[in-house]
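Contents: one structure, followed by commentary.
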Amino acid sequence: MIPLNSSVVSGVALSKIDGEVKMLLMKRVKGGFWCHVAGSIEDDETGIDAIVREFKEETQIEVSNLYNAQFLEQFYEASVNVIQLIPVFVVMCPPEQEVVLNEEHTEYKWCSLEEAVELAPFPNQHAVFKHVWSYFVEKPVNALYRVDVD
């Protein structure tokens, strides 16, 4: 049997950079690949608490405009024989959002959809980015996806 793990969350930040909507990607130290914000849910945290904390830790972004992306990242992680089910969130940032990386990442880039797909190595990342772009950039954001942040 392959166990399921749902103790991780992820989030895509969007901001208008030089007048165009872009998504934030960061290059991880571990693995050296480009990704969006993600991390484990700690004891007594909700998924919402965890993604707000992860954004603060990894980027110094203070989350106030949070949405449920209505998407689950799902993939088999062979090194630990686990199927990962990861809820995705979207953070709508103010224009020209500043980013301060922690030690988990070496650099960041605000990307168009095409740039993000080119930089990110995994098909599930591509699916996340395309979904987020479709529902949060190309269409008006549905208010039903809004998540209250305490």
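Just so we're on the same page: first chain in the structure tokens is A, next is B, and so on; residues restart at 1 for each chain, and ligands are numbered from 1 in the order they show up.
Omitting A:Ala127 and its sequence neighbours fewer than 5 positions away, and counting only C-alpha atoms, the residues within 10 Å are A:Phe71, A:Leu72, A:Glu73, A:Val117, A:Phe122, A:Val132, A:Trp133.
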Got time to write the residues from that selection, N, CA and C atoms, as a PDB file, in the first residue's frame?
```pdb
ATOM      1  N   PHE A  71      -7.631  23.792  -6.027  1.00  0.00           N
ATOM      2  CA  PHE A  71      -6.746  22.880  -6.748  1.00  0.00           C
ATOM      3  C   PHE A  71      -5.904  22.113  -5.739  1.00  0.00           C
ATOM      4  N   LEU A  72      -5.709  20.825  -6.000  1.00  0.00           N
ATOM      5  CA  LEU A  72      -4.816  19.995  -5.191  1.00  0.00           C
ATOM      6  C   LEU A  72      -3.627  19.567  -6.033  1.00  0.00           C
ATOM      7  N   GLU A  73      -2.428  19.881  -5.556  1.00  0.00           N
ATOM      8  CA  GLU A  73      -1.239  19.270  -6.162  1.00  0.00           C
ATOM      9  C   GLU A  73      -1.250  17.818  -5.708  1.00  0.00           C
ATOM     10  N   VAL A 117       6.363  28.197 -16.326  1.00  0.00           N
ATOM     11  CA  VAL A 117       6.316  26.827 -16.858  1.00  0.00           C
ATOM     12  C   VAL A 117       7.694  26.414 -17.377  1.00  0.00           C
ATOM     13  N   PHE A 122       8.616  20.335 -12.799  1.00  0.00           N
ATOM     14  CA  PHE A 122       7.651  19.258 -12.596  1.00  0.00           C
ATOM     15  C   PHE A 122       6.305  19.522 -13.260  1.00  0.00           C
ATOM     16  N   VAL A 132      -3.923  28.457 -11.767  1.00  0.00           N
ATOM     17  CA  VAL A 132      -3.929  29.757 -11.093  1.00  0.00           C
ATOM     18  C   VAL A 132      -4.057  30.882 -12.111  1.00  0.00           C
ATOM     19  N   TRP A 133      -3.328  30.794 -13.188  1.00  0.00           N
ATOM     20  CA  TRP A 133      -3.375  31.852 -14.211  1.00  0.00           C
ATOM     21  C   TRP A 133      -4.782  31.952 -14.803  1.00  0.00           C
TER      22      TRP A 133
END
```
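Distances here use only C-alpha atoms; by that measure, the residue among A:Phe33, A:Phe89, A:Tyr67, A:Phe129 closest to A:Val141 is A:Tyr67.
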List as a JSON list (two decimals) with N, CA and C atoms, in the first residue's frame the protein and nucleic acid residues near A:His105, meaning an atom at most 7 Å away when only C-alpha atoms are counted, but skip any in the same chain fewer than 5 places from it.
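Contents of the output file around-v9.json:
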```json
[["chain", "number", "residue", "atom", "x", "y", "z"],
["A", 26, "MET", "N", 10.73, 30.83, -6.79],
["A", 26, "MET", "CA", 11.98, 30.91, -6.03],
["A", 26, "MET", "C", 12.81, 29.67, -6.33],
["A", 27, "LYS", "N", 14.12, 29.83, -6.30],
["A", 27, "LYS", "CA", 15.02, 28.69, -6.55],
["A", 27, "LYS", "C", 15.44, 28.10, -5.21],
["A", 28, "ARG", "N", 15.09, 26.84, -5.00],
["A", 28, "ARG", "CA", 15.38, 26.15, -3.74],
["A", 28, "ARG", "C", 16.87, 25.81, -3.62],
["A", 29, "VAL", "N", 17.37, 25.91, -2.41],
["A", 29, "VAL", "CA", 18.73, 25.45, -2.12],
["A", 29, "VAL", "C", 18.76, 23.93, -2.26]]
```
message = Show me, as a ChimeraX atom specification, the residues that have an atom within 6 Å of stretch 4-13 of chain A when counting only C-alpha atoms, minus same-chain residues fewer than 5 positions from it.
response = /A:23-24,36-41,82-91
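For the pair atom CA of A:Gln60 and atom CA of A:Leu101, the interatomic distance is 7.1 Å.
When only C-alpha atoms are used to compute distances to A:Gly31, the closest of the residues A:Trp110, A:Glu104, A:Glu138, A:Val128 turns out to be A:Glu104.
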task = Write down as a ChimeraX atom specification the residues belonging to stretch 11-106 of chain A that are assigned alpha helix (DSSP H) by DSSP computed on the backbone.
result = /A:47-59
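Residue nearest A:Glu98 within the list A:Ile61, A:Leu66, A:Val149, A:Val137: A:Ile61 [criterion: smallest interatomic distance, only C-alpha atoms].
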inquiry  = I need the residues of chain A that end up classed as strand (DSSP E or B) by DSSP on the backbone, written out as a PyMOL selection string.
reply    = chain A and resi 4-5+8-17+20-28+34-35+37-40+66-77+82-92+105-111+146-147
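Counting from atom CA of A:Ile48, the distance to atom CA of A:Asn65 is 11.8 Å.
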inquiry  = Can you tell me which residues surround A:Lys22 at a distance of at most 10 Å, considering only C-alpha atoms, apart from same-chain residues fewer than 5 positions away, and format the answer as a ChimeraX atom specification?
reply    = /A:13-17,95-96,109-113,115-116,133,137
File dump, residues just selected, N, CA and C atoms, as a PDB file, in the first residue's frame:
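Once everything was written out, this is result05.pdb:
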```pdb
ATOM      1  N   ALA A  13       1.995  33.342  -5.230  1.00  0.00           N
ATOM      2  CA  ALA A  13       1.827  34.790  -5.056  1.00  0.00           C
ATOM      3  C   ALA A  13       1.703  35.451  -6.421  1.00  0.00           C
ATOM      4  N   LEU A  14       0.752  36.378  -6.535  1.00  0.00           N
ATOM      5  CA  LEU A  14       0.565  37.174  -7.748  1.00  0.00           C
ATOM      6  C   LEU A  14       0.711  38.654  -7.395  1.00  0.00           C
ATOM      7  N   SER A  15       1.387  39.402  -8.263  1.00  0.00           N
ATOM      8  CA  SER A  15       1.559  40.840  -8.069  1.00  0.00           C
ATOM      9  C   SER A  15       1.730  41.497  -9.430  1.00  0.00           C
ATOM     10  N   LYS A  16       1.247  42.738  -9.539  1.00  0.00           N
ATOM     11  CA  LYS A  16       1.536  43.507 -10.752  1.00  0.00           C
ATOM     12  C   LYS A  16       2.951  44.048 -10.631  1.00  0.00           C
ATOM     13  N   ILE A  17       3.796  43.636 -11.557  1.00  0.00           N
ATOM     14  CA  ILE A  17       5.187  44.070 -11.598  1.00  0.00           C
ATOM     15  C   ILE A  17       5.376  44.835 -12.912  1.00  0.00           C
ATOM     16  N   PRO A  95       0.791  45.784  -5.846  1.00  0.00           N
ATOM     17  CA  PRO A  95       1.751  45.981  -6.940  1.00  0.00           C
ATOM     18  C   PRO A  95       3.178  46.145  -6.415  1.00  0.00           C
ATOM     19  N   GLU A  96       4.121  45.653  -7.217  1.00  0.00           N
ATOM     20  CA  GLU A  96       5.554  45.770  -6.918  1.00  0.00           C
ATOM     21  C   GLU A  96       5.903  45.166  -5.554  1.00  0.00           C
ATOM     22  N   LYS A 109      12.135  35.191  -8.774  1.00  0.00           N
ATOM     23  CA  LYS A 109      11.798  35.875 -10.022  1.00  0.00           C
ATOM     24  C   LYS A 109      10.282  36.007 -10.115  1.00  0.00           C
ATOM     25  N   TRP A 110       9.820  37.198 -10.489  1.00  0.00           N
ATOM     26  CA  TRP A 110       8.412  37.396 -10.827  1.00  0.00           C
ATOM     27  C   TRP A 110       8.251  37.010 -12.289  1.00  0.00           C
ATOM     28  N   CYS A 111       7.392  36.031 -12.575  1.00  0.00           N
ATOM     29  CA  CYS A 111       7.320  35.399 -13.899  1.00  0.00           C
ATOM     30  C   CYS A 111       5.951  35.527 -14.552  1.00  0.00           C
ATOM     31  N   SER A 112       5.966  35.579 -15.865  1.00  0.00           N
ATOM     32  CA  SER A 112       4.739  35.351 -16.637  1.00  0.00           C
ATOM     33  C   SER A 112       4.436  33.857 -16.537  1.00  0.00           C
ATOM     34  N   LEU A 113       3.260  33.466 -16.980  1.00  0.00           N
ATOM     35  CA  LEU A 113       2.924  32.042 -16.987  1.00  0.00           C
ATOM     36  C   LEU A 113       3.939  31.256 -17.805  1.00  0.00           C
ATOM     37  N   GLU A 115       7.066  31.936 -18.529  1.00  0.00           N
ATOM     38  CA  GLU A 115       8.356  31.853 -17.837  1.00  0.00           C
ATOM     39  C   GLU A 115       8.311  30.853 -16.689  1.00  0.00           C
ATOM     40  N   ALA A 116       7.210  30.852 -15.939  1.00  0.00           N
ATOM     41  CA  ALA A 116       7.076  29.935 -14.804  1.00  0.00           C
ATOM     42  C   ALA A 116       7.093  28.483 -15.270  1.00  0.00           C
ATOM     43  N   TRP A 133      -3.328  30.794 -13.188  1.00  0.00           N
ATOM     44  CA  TRP A 133      -3.375  31.852 -14.211  1.00  0.00           C
ATOM     45  C   TRP A 133      -4.782  31.952 -14.803  1.00  0.00           C
ATOM     46  N   VAL A 137      -5.995  35.260 -13.021  1.00  0.00           N
ATOM     47  CA  VAL A 137      -5.429  36.319 -13.853  1.00  0.00           C
ATOM     48  C   VAL A 137      -6.324  36.570 -15.062  1.00  0.00           C
TER      49      VAL A 137
END
```
